[in-house]
Amino acid sequence: MGVASAAKKNPFAPKVSANNAKAKMNAKLMRGAKTIRQLDGQQEDQEVDLTGHSLKFEKCQFIKQYDEEAEGGEENDTVLTTKRFVIFRLCPDSSCGSCNYNYGEYIVDMETYLEATLGYKQEVQEQNCEICNQCYENEANANNGDNNGDDEDENAWQCNGIDTSTCYAECQNIENMEENGYIDASELVECQQLDYEANDGTVYYTGASCASSGTRIKIGMFADEECSIPLGSDYDIENYMKNDDGYTQKLSYHLLKQTFAEGECIANCLQEDEDQNQNNNDGNNNNNNQQQAETAEVCQELYEAAGKCEETHGFTAGINKNIYAENYANQVRNEELVCEFISTIGAGAYDQTGEIVVSGGRTTHSSGAKTTGGQKFALTFFILGSVGLAGYAAMLHQQLTKGAKADLSRQGGAMA
C-alpha cells in the first residue's frame, strides 16, 4: 500500500491513539487555563447538563509556541513547536441554527477533537449502513414475494423515510473503498511515515492539517515525525501514495469532512435511546418509563478535555457560583485566559502555518491585550514630545553654528 499499515484498515475500525501522546498534549494545552468544575467542599466533578446543546465546528489553527522541552542544535535549530488546535461551540439547540448567544466556545488539540468526532461519525456511519442494508434486503424480499410473517416488520420503523437505492450504493462504495483505489482519509489523521522514499533518501510524514484558512481539515505532508513542519501546498499527498502494484491511490474524505461541516451540527449532545425511539414511533411512549436524558459521549469527552470560554457568551451551565470564592475566582480567571486566546486566533493573529502575523509595522501576539485610551494618549504625547524636542535641538544646533561662524569671522578681521 502507499502508506503505512493504516491503508489496509477497515473504514469502520475503531481508532487507536497513543495514550501517552494524548496525555502529553492535553497536559500542555492551555497551561493553567482550564476551568474548575467542583462542588462545594468536594473533589468530584460537577455534572454539566449538555443534553440541550449541539456540537459545531468553528476553526482549525496551527500555532507555533515555545516548547521548554525543545532544544536548539544541529538537528533542531528552533525551540518552537507547532501545535494544532480546533475551536468548537456548543450551541443551545439541535440544529446549530442559533449559535450567536447562550453558547459555549472551546479550544482543544486537534488529535483529541478528531479522535472523538471521528469515533462518533464512524459509529453513526456503521449503524446507518447496517439499517440501510437491512431495509434494502427487506424491500428485495418483498418484491420477490418472500414474506416471512411478522418477523420482517419488527424493525420496520427504522426504514421510514430511507431511500434505500441511494444509501445502499453509498454503503457499498464505503465497503469497497480499497478495492476501488481509495484510502479513507480518516485513517491518516494521526502522524505517520509515508511508505515512500525519495531518490536522495528523504522520507515524508502525513497527518491532519489545517486548510482553507482553518475552515477545513485535510491530510497534509510534513517533514518530521511529529508533523510539526508542514511541507506546503506544493506537496500533494496523492502523488506519493501507491499500492503494491504501483497504481496511484486517492483519498476519500467522506468521513473526515463530516467533522468540520460548515453551517451544520457535528453532533447532537442528547444521547439517543434506540428503544425509546422505537416506542415513540410505535406510539407506545410511556412518560413514567422514560429514562433520564444522557449526554452523548462525543460531547462529554470534548467538553472535559477543552479549554472553556462560556460566561462571556451567556453559557452559564458550566459555572458553579456556590463553590469556594478562591476556586470561583480561579475559574473566572482561567476562562478569561481561554477567551483571550480564542479571540486572538479568531482575529487572524496567526497565519496558516502557525506564524504570528506581522503587518503594517504591527505585530499581533497571543496575549489578546488591547491598547487602552490612556496608553494611546501617552504614546501620542511621547511621539509629539519627541518631535518637539528634535525640532528644538535642531534650532539650537543652527544657532550655535551661526554663532561660531560669526565669532570666527570677527577673530579673522582682528587678525588681519
# chains A, B, ... in the order shown; residues from 1 in each chain; ligands from 1

$ select_by_dssp --residues "region 157-293 of chain A" --states "alpha helix (DSSP H)" --output "list in words"
Thr164, Ser165, Thr166, Cys167, Tyr168, Ala169, Glu170, Cys171, Gln172, Asn173, Ile174, Glu175, Glu274, Asp275, Gln276, Asn277, Gln278, Asn279, Asn280, Asn281 and Asp282 of chain A

$ write_last_selection --atoms "N, CA and C atoms" --output "PDB file, in the first residue's frame"
ATOM      1  N   THR A 164     -33.447   3.651   0.060  1.00  0.00           N
ATOM      2  CA  THR A 164     -32.522   2.515   0.060  1.00  0.00           C
ATOM      3  C   THR A 164     -31.624   2.485  -1.167  1.00  0.00           C
ATOM      4  N   SER A 165     -32.129   2.949  -2.305  1.00  0.00           N
ATOM      5  CA  SER A 165     -31.294   2.921  -3.512  1.00  0.00           C
ATOM      6  C   SER A 165     -30.078   3.816  -3.363  1.00  0.00           C
ATOM      7  N   THR A 166     -30.268   4.970  -2.716  1.00  0.00           N
ATOM      8  CA  THR A 166     -29.155   5.909  -2.527  1.00  0.00           C
ATOM      9  C   THR A 166     -28.214   5.439  -1.432  1.00  0.00           C
ATOM     10  N   CYS A 167     -28.764   5.092  -0.276  1.00  0.00           N
ATOM     11  CA  CYS A 167     -27.904   4.728   0.848  1.00  0.00           C
ATOM     12  C   CYS A 167     -27.178   3.412   0.594  1.00  0.00           C
ATOM     13  N   TYR A 168     -27.816   2.475  -0.118  1.00  0.00           N
ATOM     14  CA  TYR A 168     -27.163   1.193  -0.382  1.00  0.00           C
ATOM     15  C   TYR A 168     -25.949   1.372  -1.285  1.00  0.00           C
ATOM     16  N   ALA A 169     -26.072   2.222  -2.316  1.00  0.00           N
ATOM     17  CA  ALA A 169     -24.943   2.483  -3.212  1.00  0.00           C
ATOM     18  C   ALA A 169     -23.801   3.153  -2.457  1.00  0.00           C
ATOM     19  N   GLU A 170     -24.150   4.079  -1.564  1.00  0.00           N
ATOM     20  CA  GLU A 170     -23.128   4.772  -0.781  1.00  0.00           C
ATOM     21  C   GLU A 170     -22.416   3.812   0.154  1.00  0.00           C
ATOM     22  N   CYS A 171     -23.163   2.949   0.823  1.00  0.00           N
ATOM     23  CA  CYS A 171     -22.565   1.994   1.757  1.00  0.00           C
ATOM     24  C   CYS A 171     -21.695   0.977   1.028  1.00  0.00           C
ATOM     25  N   GLN A 172     -22.088   0.615  -0.186  1.00  0.00           N
ATOM     26  CA  GLN A 172     -21.265  -0.293  -0.972  1.00  0.00           C
ATOM     27  C   GLN A 172     -19.952   0.366  -1.371  1.00  0.00           C
ATOM     28  N   ASN A 173     -19.998   1.637  -1.697  1.00  0.00           N
ATOM     29  CA  ASN A 173     -18.768   2.368  -2.028  1.00  0.00           C
ATOM     30  C   ASN A 173     -17.830   2.431  -0.829  1.00  0.00           C
ATOM     31  N   ILE A 174     -18.398   2.622   0.348  1.00  0.00           N
ATOM     32  CA  ILE A 174     -17.578   2.666   1.555  1.00  0.00           C
ATOM     33  C   ILE A 174     -16.953   1.305   1.820  1.00  0.00           C
ATOM     34  N   GLU A 175     -17.747   0.271   1.680  1.00  0.00           N
ATOM     35  CA  GLU A 175     -17.261  -1.083   1.942  1.00  0.00           C
ATOM     36  C   GLU A 175     -16.171  -1.497   0.944  1.00  0.00           C
ATOM     37  N   GLU A 274     -32.260   4.068  21.399  1.00  0.00           N
ATOM     38  CA  GLU A 274     -32.900   3.342  20.301  1.00  0.00           C
ATOM     39  C   GLU A 274     -34.243   2.755  20.721  1.00  0.00           C
ATOM     40  N   ASP A 275     -34.314   2.210  21.922  1.00  0.00           N
ATOM     41  CA  ASP A 275     -35.573   1.635  22.399  1.00  0.00           C
ATOM     42  C   ASP A 275     -36.638   2.706  22.534  1.00  0.00           C
ATOM     43  N   GLN A 276     -36.212   3.899  23.042  1.00  0.00           N
ATOM     44  CA  GLN A 276     -37.163   4.992  23.212  1.00  0.00           C
ATOM     45  C   GLN A 276     -37.666   5.480  21.859  1.00  0.00           C
ATOM     46  N   ASN A 277     -36.740   5.542  20.863  1.00  0.00           N
ATOM     47  CA  ASN A 277     -37.138   5.963  19.526  1.00  0.00           C
ATOM     48  C   ASN A 277     -38.176   5.013  18.944  1.00  0.00           C
ATOM     49  N   GLN A 278     -37.988   3.715  19.191  1.00  0.00           N
ATOM     50  CA  GLN A 278     -38.937   2.734  18.680  1.00  0.00           C
ATOM     51  C   GLN A 278     -40.293   2.906  19.355  1.00  0.00           C
ATOM     52  N   ASN A 279     -40.286   3.156  20.667  1.00  0.00           N
ATOM     53  CA  ASN A 279     -41.545   3.359  21.384  1.00  0.00           C
ATOM     54  C   ASN A 279     -42.280   4.585  20.855  1.00  0.00           C
ATOM     55  N   ASN A 280     -41.505   5.662  20.566  1.00  0.00           N
ATOM     56  CA  ASN A 280     -42.111   6.877  20.038  1.00  0.00           C
ATOM     57  C   ASN A 280     -42.744   6.630  18.679  1.00  0.00           C
ATOM     58  N   ASN A 281     -42.053   5.855  17.835  1.00  0.00           N
ATOM     59  CA  ASN A 281     -42.580   5.569  16.507  1.00  0.00           C
ATOM     60  C   ASN A 281     -43.773   4.621  16.565  1.00  0.00           C
ATOM     61  N   ASP A 282     -43.800   3.762  17.578  1.00  0.00           N
ATOM     62  CA  ASP A 282     -44.907   2.827  17.728  1.00  0.00           C
ATOM     63  C   ASP A 282     -46.097   3.439  18.458  1.00  0.00           C
TER      64      ASP A 282
END

$ closest_residue --among "A:Thr344, A:Gln249, A:Thr81, A:His254" --to "Asp224 (chain A)" --atoms "only C-alpha atoms"
A:Thr81

$ closest_residue --among "A:Ser233, A:Asn102, A:Gln352, A:Thr112" --to "Val86 (chain A)" --atoms "only C-alpha atoms"
A:Thr112

$ residues_around --residues "Ser186 (chain A)" --least-positions-apart "5" --cutoff "8 Å" --atoms "only C-alpha atoms" --output "ChimeraX atom specification"
/A:118,253,255-256

$ write_last_selection --atoms "C-alpha atoms" --output "mmCIF file, in the first residue's frame"
data_model
loop_
_atom_site.group_PDB
_atom_site.id
_atom_site.type_symbol
_atom_site.label_atom_id
_atom_site.label_comp_id
_atom_site.auth_asym_id
_atom_site.auth_seq_id
_atom_site.Cartn_x
_atom_site.Cartn_y
_atom_site.Cartn_z
ATOM 1 C CA LEU A 118 -14.355 10.508 14.032
ATOM 2 C CA TYR A 253 -12.879 12.456 2.624
ATOM 3 C CA LEU A 255 -15.962 10.552 6.772
ATOM 4 C CA LEU A 256 -13.381 13.194 7.685
#

$ residues_around --residues "Cys265 (chain A)" --least-positions-apart "5" --cutoff "6 Å" --atoms "only C-alpha atoms" --output "short mmCIF file (atom, residue, chain, number, x, y, z; two decimals) with N, CA and C atoms, in the first residue's frame"
data_model
loop_
_atom_site.label_atom_id
_atom_site.label_comp_id
_atom_site.auth_asym_id
_atom_site.auth_seq_id
_atom_site.Cartn_x
_atom_site.Cartn_y
_atom_site.Cartn_z
N LEU A 55 -23.00 20.15 18.97
CA LEU A 55 -21.59 20.44 18.70
C LEU A 55 -21.42 21.02 17.31
N LYS A 56 -20.69 22.13 17.23
CA LYS A 56 -20.46 22.80 15.95
C LYS A 56 -18.98 23.15 15.79
N CYS A 96 -28.04 23.92 15.48
CA CYS A 96 -26.91 24.86 15.41
C CYS A 96 -27.28 26.10 14.60
#

$ select_by_dssp --residues "region 128-224 of chain A" --states "strand (DSSP E)" --output "ChimeraX atom specification"
/A:182-184,192-197,203-211,216-222

$ closest_atom_pairs --of "region 81-190 of chain A" --to "region 301-307 of chain A" --cutoff "10 Å" --atoms "only C-alpha atoms" --output "Markdown table"
| residue | atom | partner | partner_atom | distance |
| --- | --- | --- | --- | --- |
| A:Val86 | CA | A:Ala306 | CA | 9.6 |
| A:Ile87 | CA | A:Ala306 | CA | 9.2 |
| A:Phe88 | CA | A:Leu302 | CA | 9.4 |
| A:Arg89 | CA | A:Tyr303 | CA | 9.9 |
| A:Leu90 | CA | A:Tyr303 | CA | 9.0 |
| A:Gly104 | CA | A:Tyr303 | CA | 9.8 |
| A:Glu105 | CA | A:Gly307 | CA | 8.6 |
| A:Tyr106 | CA | A:Gly307 | CA | 5.5 |
| A:Ile107 | CA | A:Gly307 | CA | 5.2 |
| A:Val108 | CA | A:Ala306 | CA | 4.7 |
| A:Asp109 | CA | A:Ala306 | CA | 8.0 |
| A:Thr112 | CA | A:Leu302 | CA | 7.4 |
| A:Tyr113 | CA | A:Leu302 | CA | 6.7 |
| A:Leu114 | CA | A:Leu302 | CA | 9.9 |
| A:Glu115 | CA | A:Leu302 | CA | 9.7 |
| A:Ala116 | CA | A:Glu301 | CA | 7.0 |
| A:Thr117 | CA | A:Leu302 | CA | 8.8 |

$ write_last_selection --atoms "C-alpha atoms" --output "PDB file, in the first residue's frame"
ATOM      1  CA  VAL A  86      -9.614  23.164  16.948  1.00  0.00           C
ATOM      2  CA  ILE A  87     -12.177  25.701  18.147  1.00  0.00           C
ATOM      3  CA  PHE A  88     -15.737  24.447  18.520  1.00  0.00           C
ATOM      4  CA  ARG A  89     -19.009  25.609  20.026  1.00  0.00           C
ATOM      5  CA  LEU A  90     -21.850  24.055  21.962  1.00  0.00           C
ATOM      6  CA  GLY A 104     -20.088  27.998  24.892  1.00  0.00           C
ATOM      7  CA  GLU A 105     -16.854  28.284  22.917  1.00  0.00           C
ATOM      8  CA  TYR A 106     -13.997  25.856  23.424  1.00  0.00           C
ATOM      9  CA  ILE A 107     -10.484  25.031  22.249  1.00  0.00           C
ATOM     10  CA  VAL A 108      -8.886  21.597  22.200  1.00  0.00           C
ATOM     11  CA  ASP A 109      -5.934  19.948  20.478  1.00  0.00           C
ATOM     12  CA  THR A 112      -8.440  14.866  20.764  1.00  0.00           C
ATOM     13  CA  TYR A 113     -11.074  16.553  18.610  1.00  0.00           C
ATOM     14  CA  LEU A 114     -10.638  14.166  15.689  1.00  0.00           C
ATOM     15  CA  GLU A 115     -10.462  11.099  17.899  1.00  0.00           C
ATOM     16  CA  ALA A 116     -13.811  11.967  19.485  1.00  0.00           C
ATOM     17  CA  THR A 117     -15.659  13.182  16.400  1.00  0.00           C
TER      18      THR A 117
END

$ residues_around --residues "Thr82 (chain A)" --least-positions-apart "5" --cutoff "6 Å" --atoms "only C-alpha atoms" --output "NGL selection string"
:A and (63-64 or 228)

$ write_last_selection --atoms "C-alpha atoms" --output "PDB file, in the first residue's frame"
ATOM      1  CA  ILE A  63       0.157  27.790  16.308  1.00  0.00           C
ATOM      2  CA  LYS A  64       3.891  27.877  16.825  1.00  0.00           C
ATOM      3  CA  SER A 228       5.149  19.984  13.121  1.00  0.00           C
TER       4      SER A 228
END

$ residues_around --residues "region 197-207 of chain A" --least-positions-apart "6" --cutoff "6 Å" --atoms "only C-alpha atoms" --output "list of chain:residue names"
A:Leu188, A:Val189, A:Glu190, A:Cys191, A:Ile219, A:Gly220, A:Met221, A:Phe222, A:Ala223

$ residues_around --residues "Glu139 (chain A)" --least-positions-apart "3" --cutoff "12 Å" --atoms "only C-alpha atoms" --output "PyMOL selection string"
chain A and resi 132-136+142-147+152-153+156+159+162-165+168

$ closest_residue --among "A:Asp195, A:Gln61, A:Trp157, A:Tyr103" --to "Asp351 (chain A)" --atoms "only C-alpha atoms"
A:Gln61

$ closest_residue --among "A:Ala261, A:Ala296, A:Cys60, A:Cys91" --to "His313 (chain A)" --atoms "only C-alpha atoms"
A:Cys91

$ atom_distance --atom1 "CA of Ser94 (chain A)" --atom2 "CA of Val332 (chain A)"
27.9 Å
